[in-house]
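One structure is given here, and the rest of the page talks about it.
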Amino acid sequence: MPEQPQTIFSVSEANNFIKALLDGVPQLREIFVRGEISNYKVYPSGHHYFSLKDAEGALRCVMFRGSASSLRFRPENGMKVIAFGRISVFPRDGSYQLYVSELTAEGAGDLHVAFEQLKAKLDAEGLFDPAHKKPLPRYPKTIAIVTSSAGAAVHDMIRILGARWPQSRIVLLPVRVQGAEAPPEIAGALRYANKWRVADVIITGRGGGSMEDLWAFNDERVARAIYDSVIPVISAVGHEPDVTIADYVADARASTPSNAAEIAVPDQNELRRALETLSGRMEQSERARLDALRNRLNELAAKRVLTDPTAFIADKRLLLDYTQKTLAALAEKQLAERQRRFAALCASLDALSPLKVLSRGYAMARGADGQVIRRAKDVAVGEKIDLTLGEGRLGCVVESRETGGGQANG
């Protein structure tokens with residue numbers, strides 16, 4: 001067994017000794033470490049714990065709440081980052097770790113990463129859905145401008161609004177548009193405008209600048225305030241190439257603040273020209289209508305019924321005479337036809353008459369009951385019968401009769 005040293009360290013003393021050694025190395029007090037995030041967790045305390053790894057090793061990291069509050073983006077597993085901080089030992093468990101004070105996304109800047117993350121998040125929630133966007137009023141009575149009162153953008157908007165549509169009233173809600181205080185001020189102004197219904201449409205934005213200068217309009221609080229606005233919102237941030245989260249959420253996007261003023265109101269000169277054109281068309285249409293009515297009136301005035309009122313009665317009298325003659329001719333024709341048919345029927349009836357048969361030498365016998373005698377057996381010998389001749393009648397007594405079977409005597 002080796003000889004015991006003069007000094008024996010406790011575990012905590014050993015850990016603190018190692019910590020003091022590491023803390024005394026200048027290169028470890030301010031160090032940049034590149035790696036891929038893994039095992040990323042955020043605890044209720046607000047502290048962030050994760051590991052940075054590469055192909056051959058891993059390094060435990062912690063980022064306390066105060067440093068994490070300045071993050072522009074949300075760290076995720078698999079993200080390649082560059083961490084800045086100090087390496088030291090945590091005496092309680094004796095493990096060394098990187099205490100991160102700054103974290104930057106590698107490749108794309110952290111602002112760009114934060115922008116894309118928030119854009120994806122809000123898009124998934126439906127904040128960019130076109131179905132949610134409200135139409136802008138055509139002739140707004142009041143326009144609220146949420147921007148800095150000291151910038152050139154607000155003066156350009158007021159000038160253009162006054163020139164295009166001086167009938168609108170302009171309400172300025174001054175806010176800061178840059179810095180940490182800007183997002184809550186912009187969101188608060190939007191909520192105020194909606195609570196008190198101060199305008200028919202809201203313009204919010206600022207002039208051009210870097211991505212960091214425009215970052216207030218990439219803030220989630222501003223985006224949700226725009227989405228929740230009952231009043232239509234026009235986003236007017238920076239120059240035409242600049243695109244912010246506010247542009248995606250707003251009901252309309254303007255390329256510049258000046259363009260927002262042009263979108264918000266109609267141009268009174270263009271409207272006046274349009275009204276003059278419509279007035280000319282209406283006058284021309286009304287003139288054409290009056291000309292058509294005048295021609296129609298002239299046509300009616302030239303009609304015979306107005307120039308010679310009695311002519312109508314004379315025409316009707318001639319028509320009555322013609323109709324009367326036509327009806328009389330038809331009546332005569334029908335009467336002659338019916339007389340012809342009557343004569344033909346009489347001739348047919350006469351040909352079928354029993355009297356016609358009798359006139360040719362035949363006789364018709366009737367019994368005492370007046371019934372026509374058709375068979376000899378229907379009459380008894382000695383019975384009286386009546387014979388009707390072609391001219392006159394005879395009363396006879398049957399002395400004999402002959403049936404189909406031979407002669408029968410009484």
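Scheme for the structure tokens: letters A, B, ... for chains in order shown; per-chain residue numbers from 1; ligand numbers from 1 in order shown.
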
- Per DSSP on the backbone, what are the alpha helix (DSSP H) residues of segment 29-224 of chain A, as JSON, numbers by chain? {"A": [29, 65, 66, 67, 68, 110, 111, 112, 113, 114, 115, 116, 117, 118, 119, 120, 121, 122, 123, 124, 125, 152, 153, 154, 155, 156, 157, 158, 159, 160, 161, 162, 163, 164, 182, 183, 184, 185, 186, 187, 188, 189, 190, 191, 192, 193, 194, 195, 220, 221, 222, 223, 224]}

- Message: as a count of residues only, please: every residue in segment 82-278 of chain A that a backbone DSSP assignment puts in strand (DSSP E).
- Response: 45

- Query: Pick from A:Glu402, A:Glu270, A:Asp219, A:Asp93: nearest to Ile186 of chain A, with only C-alpha atoms counted?
  - Reply: A:Asp219

- Task: Go through A:Asp213, A:Asp228, A:Glu332, A:Asp308 one by one, measure the shortest atom-to-atom distance of each to Asp242 of chain A using only C-alpha atoms, and give the residue with the smallest value.
- Result: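 Selected residue with least distance to Asp242 of chain A: A:Asp213.
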
- Quick one: pull the distance between atom CA of Val113 of chain A and atom CA of Arg86 of chain A, Å, one decimal.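 Atom CA of Arg86 of chain A lies 24.5 Å from atom CA of Val113 of chain A.
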
- Item | Between atom CA of Gly94 of chain A and atom CA of Ser69 of chain A, distance in Å (one decimal) |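 Taking atom CA of Gly94 of chain A and atom CA of Ser69 of chain A, their separation equals 27.4 Å.
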
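Closest approach to Phe115 of chain A among A:Ile170, A:Ala20, A:Met211, A:Met63: A:Met211, based on only C-alpha atoms.
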
Need to verify the contact set: segment 40-43 of chain A, 8 Å, only C-alpha atoms, exclusion of same-chain residues closer than 5 positions in sequence. Can you return it as a PDB file with C-alpha atoms, in the first residue's frame?
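Contents of out-v2.pdb, freshly written:
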```pdb
ATOM      1  CA  HIS A  48     -31.597  25.616 -20.373  1.00  0.00           C
ATOM      2  CA  TYR A  49     -29.652  22.337 -20.233  1.00  0.00           C
ATOM      3  CA  PHE A  50     -28.254  20.556 -23.287  1.00  0.00           C
ATOM      4  CA  SER A  51     -25.179  18.927 -24.774  1.00  0.00           C
ATOM      5  CA  PRO A  75     -32.792  26.069 -29.766  1.00  0.00           C
ATOM      6  CA  GLU A  76     -33.752  22.605 -31.018  1.00  0.00           C
ATOM      7  CA  ASN A  77     -32.128  19.182 -31.043  1.00  0.00           C
TER       8      ASN A  77
END
```

I'd like the neighbourhood of Pro166 of chain A as a short mmCIF file (atom, residue, chain, number, x, y, z; two decimals) with C-alpha atoms, in the first residue's frame, where a residue qualifies if any of its atoms comes within 12 Å (using only C-alpha atoms), though same-chain residues fewer than 2 positions away should be ignored.
```cif
data_model
loop_
_atom_site.label_atom_id
_atom_site.label_comp_id
_atom_site.auth_asym_id
_atom_site.auth_seq_id
_atom_site.Cartn_x
_atom_site.Cartn_y
_atom_site.Cartn_z
CA TYR A 139 -63.83 55.06 -48.13
CA PRO A 140 -62.45 55.11 -44.54
CA LYS A 141 -63.58 57.98 -42.37
CA THR A 142 -60.74 57.61 -39.84
CA ILE A 143 -57.26 56.10 -40.28
CA ILE A 158 -49.83 61.91 -43.61
CA ARG A 159 -48.84 63.89 -46.70
CA ILE A 160 -50.04 61.21 -49.13
CA LEU A 161 -53.28 60.58 -47.22
CA GLY A 162 -54.05 64.29 -47.22
CA ALA A 163 -53.38 64.61 -50.94
CA ARG A 164 -55.31 61.49 -51.96
CA SER A 168 -60.39 61.04 -43.84
CA ARG A 169 -59.35 61.93 -40.30
CA ILE A 170 -55.89 60.73 -39.23
CA ALA A 261 -51.19 55.33 -47.57
CA VAL A 265 -57.61 55.45 -49.34
CA PRO A 266 -58.78 56.11 -52.89
CA ASP A 267 -57.32 58.91 -54.99
CA GLN A 268 -59.76 61.81 -55.05
CA ASN A 269 -58.51 62.90 -58.48
#
```

- Taking into account only C-alpha atoms, which residue in the set A:Val398, A:Ala182, A:Leu98, A:Leu118 is nearest to Glu30 of chain A?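 Under the stated criterion, the closest residue is A:Leu98.
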
- Message: So, with only C-alpha atoms as the atoms that count, which of A:Ala246, A:Leu387, A:Val233, A:Met157 lies closest to Ile373 of chain A?
- Response: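 Checking each of A:Ala246, A:Leu387, A:Val233, A:Met157 against Ile373 of chain A, counting only C-alpha atoms, the winner is A:Leu387.
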
- Task: Rank nothing, just name the residue among A:Gln97, A:Asn39, A:Thr244, A:Ser149 nearest to Phe217 of chain A, using only C-alpha atoms.
- Result: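 Going through A:Gln97, A:Asn39, A:Thr244, A:Ser149 one by one, the smallest distance to Phe217 of chain A is for A:Thr244.
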
- To one decimal place, how far is atom CA of Val381 of chain A from atom CA of Cys396 of chain A in Å? 11.1 Å

Would you list the contacts of Asp247 of chain A as a PDB file with N, CA, C and O atoms, in the first residue's frame, taking every protein, DNA or RNA residue within 12 Å and counting only C-alpha atoms, but skipping same-chain residues closer than 5 positions in sequence?
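Output below, filename around00.pdb:
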```pdb
ATOM      1  N   LYS A 119     -42.321  32.031 -38.018  1.00  0.00           N
ATOM      2  CA  LYS A 119     -43.154  31.960 -39.213  1.00  0.00           C
ATOM      3  C   LYS A 119     -43.818  30.588 -39.329  1.00  0.00           C
ATOM      4  O   LYS A 119     -45.025  30.483 -39.590  1.00  0.00           O
ATOM      5  N   LEU A 127     -52.528  31.677 -38.523  1.00  0.00           N
ATOM      6  CA  LEU A 127     -52.530  33.144 -38.481  1.00  0.00           C
ATOM      7  C   LEU A 127     -52.325  33.762 -39.853  1.00  0.00           C
ATOM      8  O   LEU A 127     -52.611  34.947 -40.044  1.00  0.00           O
ATOM      9  N   PHE A 128     -51.809  32.986 -40.808  1.00  0.00           N
ATOM     10  CA  PHE A 128     -51.583  33.522 -42.153  1.00  0.00           C
ATOM     11  C   PHE A 128     -52.717  33.139 -43.113  1.00  0.00           C
ATOM     12  O   PHE A 128     -52.651  33.460 -44.301  1.00  0.00           O
ATOM     13  N   LYS A 133     -58.371  37.041 -43.356  1.00  0.00           N
ATOM     14  CA  LYS A 133     -58.064  38.439 -43.698  1.00  0.00           C
ATOM     15  C   LYS A 133     -59.351  39.208 -44.019  1.00  0.00           C
ATOM     16  O   LYS A 133     -60.211  38.730 -44.740  1.00  0.00           O
ATOM     17  N   ILE A 203     -52.865  51.467 -40.010  1.00  0.00           N
ATOM     18  CA  ILE A 203     -51.583  51.274 -40.688  1.00  0.00           C
ATOM     19  C   ILE A 203     -50.507  51.180 -39.614  1.00  0.00           C
ATOM     20  O   ILE A 203     -50.405  52.065 -38.761  1.00  0.00           O
ATOM     21  N   THR A 204     -49.731  50.103 -39.642  1.00  0.00           N
ATOM     22  CA  THR A 204     -48.629  49.984 -38.686  1.00  0.00           C
ATOM     23  C   THR A 204     -47.357  49.629 -39.440  1.00  0.00           C
ATOM     24  O   THR A 204     -47.383  48.844 -40.386  1.00  0.00           O
ATOM     25  N   GLY A 205     -46.247  50.229 -39.039  1.00  0.00           N
ATOM     26  CA  GLY A 205     -44.984  49.971 -39.737  1.00  0.00           C
ATOM     27  C   GLY A 205     -43.936  51.016 -39.396  1.00  0.00           C
ATOM     28  O   GLY A 205     -44.081  51.794 -38.451  1.00  0.00           O
ATOM     29  N   LEU A 214     -35.755  46.156 -37.924  1.00  0.00           N
ATOM     30  CA  LEU A 214     -37.165  45.848 -38.186  1.00  0.00           C
ATOM     31  C   LEU A 214     -37.703  44.738 -37.288  1.00  0.00           C
ATOM     32  O   LEU A 214     -38.849  44.318 -37.448  1.00  0.00           O
ATOM     33  N   PHE A 217     -41.281  44.062 -35.631  1.00  0.00           N
ATOM     34  CA  PHE A 217     -42.426  43.596 -36.412  1.00  0.00           C
ATOM     35  C   PHE A 217     -42.306  42.109 -36.745  1.00  0.00           C
ATOM     36  O   PHE A 217     -43.135  41.572 -37.489  1.00  0.00           O
ATOM     37  N   ASN A 218     -41.267  41.457 -36.193  1.00  0.00           N
ATOM     38  CA  ASN A 218     -41.168  40.003 -36.246  1.00  0.00           C
ATOM     39  C   ASN A 218     -41.463  39.395 -34.883  1.00  0.00           C
ATOM     40  O   ASN A 218     -41.239  38.207 -34.671  1.00  0.00           O
ATOM     41  N   ASP A 219     -41.975  40.192 -33.976  1.00  0.00           N
ATOM     42  CA  ASP A 219     -42.253  39.739 -32.618  1.00  0.00           C
ATOM     43  C   ASP A 219     -43.622  39.051 -32.572  1.00  0.00           C
ATOM     44  O   ASP A 219     -44.591  39.502 -33.195  1.00  0.00           O
ATOM     45  N   VAL A 222     -46.639  41.222 -31.402  1.00  0.00           N
ATOM     46  CA  VAL A 222     -47.175  42.109 -32.442  1.00  0.00           C
ATOM     47  C   VAL A 222     -48.018  41.306 -33.436  1.00  0.00           C
ATOM     48  O   VAL A 222     -49.104  41.729 -33.847  1.00  0.00           O
ATOM     49  N   ALA A 223     -47.509  40.129 -33.822  1.00  0.00           N
ATOM     50  CA  ALA A 223     -48.236  39.293 -34.785  1.00  0.00           C
ATOM     51  C   ALA A 223     -49.608  38.917 -34.245  1.00  0.00           C
ATOM     52  O   ALA A 223     -50.619  38.989 -34.963  1.00  0.00           O
ATOM     53  N   ILE A 226     -52.038  41.883 -34.234  1.00  0.00           N
ATOM     54  CA  ILE A 226     -52.572  42.144 -35.575  1.00  0.00           C
ATOM     55  C   ILE A 226     -53.654  41.127 -35.916  1.00  0.00           C
ATOM     56  O   ILE A 226     -54.716  41.470 -36.449  1.00  0.00           O
ATOM     57  N   TYR A 227     -53.393  39.859 -35.594  1.00  0.00           N
ATOM     58  CA  TYR A 227     -54.362  38.799 -35.904  1.00  0.00           C
ATOM     59  C   TYR A 227     -55.672  39.010 -35.139  1.00  0.00           C
ATOM     60  O   TYR A 227     -56.759  38.774 -35.670  1.00  0.00           O
ATOM     61  N   VAL A 233     -55.963  45.724 -40.735  1.00  0.00           N
ATOM     62  CA  VAL A 233     -54.615  46.243 -40.497  1.00  0.00           C
ATOM     63  C   VAL A 233     -53.802  46.140 -41.787  1.00  0.00           C
ATOM     64  O   VAL A 233     -53.793  45.099 -42.445  1.00  0.00           O
ATOM     65  N   ILE A 234     -53.121  47.252 -42.126  1.00  0.00           N
ATOM     66  CA  ILE A 234     -52.176  47.271 -43.246  1.00  0.00           C
ATOM     67  C   ILE A 234     -50.775  47.301 -42.657  1.00  0.00           C
ATOM     68  O   ILE A 234     -50.442  48.175 -41.852  1.00  0.00           O
ATOM     69  N   SER A 235     -49.935  46.333 -43.056  1.00  0.00           N
ATOM     70  CA  SER A 235     -48.548  46.303 -42.592  1.00  0.00           C
ATOM     71  C   SER A 235     -47.674  47.043 -43.595  1.00  0.00           C
ATOM     72  O   SER A 235     -47.724  46.781 -44.797  1.00  0.00           O
ATOM     73  N   ALA A 236     -46.863  47.978 -43.099  1.00  0.00           N
ATOM     74  CA  ALA A 236     -46.006  48.783 -43.977  1.00  0.00           C
ATOM     75  C   ALA A 236     -44.642  48.912 -43.322  1.00  0.00           C
ATOM     76  O   ALA A 236     -44.349  49.894 -42.649  1.00  0.00           O
ATOM     77  N   VAL A 237     -43.815  47.880 -43.504  1.00  0.00           N
ATOM     78  CA  VAL A 237     -42.530  47.820 -42.813  1.00  0.00           C
ATOM     79  C   VAL A 237     -41.397  47.857 -43.830  1.00  0.00           C
ATOM     80  O   VAL A 237     -41.319  47.011 -44.726  1.00  0.00           O
ATOM     81  N   GLY A 238     -40.528  48.841 -43.694  1.00  0.00           N
ATOM     82  CA  GLY A 238     -39.303  48.895 -44.495  1.00  0.00           C
ATOM     83  C   GLY A 238     -39.541  49.190 -45.957  1.00  0.00           C
ATOM     84  O   GLY A 238     -40.471  49.905 -46.335  1.00  0.00           O
ATOM     85  N   HIS A 239     -38.649  48.624 -46.786  1.00  0.00           N
ATOM     86  CA  HIS A 239     -38.723  48.803 -48.229  1.00  0.00           C
ATOM     87  C   HIS A 239     -39.354  47.565 -48.850  1.00  0.00           C
ATOM     88  O   HIS A 239     -39.653  46.581 -48.164  1.00  0.00           O
ATOM     89  N   GLU A 240     -39.524  47.585 -50.152  1.00  0.00           N
ATOM     90  CA  GLU A 240     -40.234  46.504 -50.829  1.00  0.00           C
ATOM     91  C   GLU A 240     -39.606  45.129 -50.589  1.00  0.00           C
ATOM     92  O   GLU A 240     -40.330  44.156 -50.361  1.00  0.00           O
ATOM     93  N   PRO A 241     -38.281  44.954 -50.607  1.00  0.00           N
ATOM     94  CA  PRO A 241     -37.730  43.608 -50.375  1.00  0.00           C
ATOM     95  C   PRO A 241     -37.900  43.111 -48.940  1.00  0.00           C
ATOM     96  O   PRO A 241     -37.792  41.914 -48.686  1.00  0.00           O
ATOM     97  N   ASP A 242     -38.119  44.024 -47.998  1.00  0.00           N
ATOM     98  CA  ASP A 242     -38.224  43.627 -46.597  1.00  0.00           C
ATOM     99  C   ASP A 242     -39.550  42.916 -46.348  1.00  0.00           C
ATOM    100  O   ASP A 242     -40.613  43.425 -46.710  1.00  0.00           O
ATOM    101  N   ALA A 252     -53.561  43.334 -45.173  1.00  0.00           N
ATOM    102  CA  ALA A 252     -52.970  43.781 -46.441  1.00  0.00           C
ATOM    103  C   ALA A 252     -51.523  44.162 -46.175  1.00  0.00           C
ATOM    104  O   ALA A 252     -51.180  44.660 -45.097  1.00  0.00           O
ATOM    105  N   ARG A 253     -50.662  43.907 -47.160  1.00  0.00           N
ATOM    106  CA  ARG A 253     -49.253  44.243 -47.021  1.00  0.00           C
ATOM    107  C   ARG A 253     -48.884  45.327 -48.019  1.00  0.00           C
ATOM    108  O   ARG A 253     -49.216  45.229 -49.210  1.00  0.00           O
ATOM    109  N   ALA A 254     -48.240  46.374 -47.532  1.00  0.00           N
ATOM    110  CA  ALA A 254     -47.749  47.445 -48.398  1.00  0.00           C
ATOM    111  C   ALA A 254     -46.244  47.320 -48.509  1.00  0.00           C
ATOM    112  O   ALA A 254     -45.555  46.944 -47.546  1.00  0.00           O
ATOM    113  N   SER A 255     -45.717  47.635 -49.687  1.00  0.00           N
ATOM    114  CA  SER A 255     -44.275  47.522 -49.898  1.00  0.00           C
ATOM    115  C   SER A 255     -43.500  48.568 -49.114  1.00  0.00           C
ATOM    116  O   SER A 255     -42.355  48.338 -48.713  1.00  0.00           O
ATOM    117  N   THR A 256     -44.120  49.731 -48.884  1.00  0.00           N
ATOM    118  CA  THR A 256     -43.491  50.816 -48.126  1.00  0.00           C
ATOM    119  C   THR A 256     -44.586  51.550 -47.349  1.00  0.00           C
ATOM    120  O   THR A 256     -45.779  51.396 -47.646  1.00  0.00           O
ATOM    121  N   ALA A 260     -48.589  52.109 -48.292  1.00  0.00           N
ATOM    122  CA  ALA A 260     -49.699  51.826 -47.376  1.00  0.00           C
ATOM    123  C   ALA A 260     -50.735  52.944 -47.429  1.00  0.00           C
ATOM    124  O   ALA A 260     -51.948  52.689 -47.409  1.00  0.00           O
TER     125      ALA A 260
END
```

- Message: So that I can check the surroundings of Leu172 of chain A, please list as a ChimeraX atom specification every protein, DNA and RNA residue that reaches within 8 Å of it, counting only C-alpha atoms and ignoring chain neighbours fewer than 3 positions away.
- Response: /A:144-147,149

Any chance you could export the current selection's C-alpha atoms as a tab-separated table (two decimals), in the first residue's frame?
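Output contents, as saved in part.tsv:
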```tsv
chain	number	residue	atom	x	y	z
A	144	ALA	CA	-55.05	55.15	-37.32
A	145	ILE	CA	-51.28	55.12	-37.81
A	146	VAL	CA	-49.24	53.06	-35.34
A	147	THR	CA	-45.61	54.10	-35.80
A	149	SER	CA	-43.93	60.08	-34.47
```
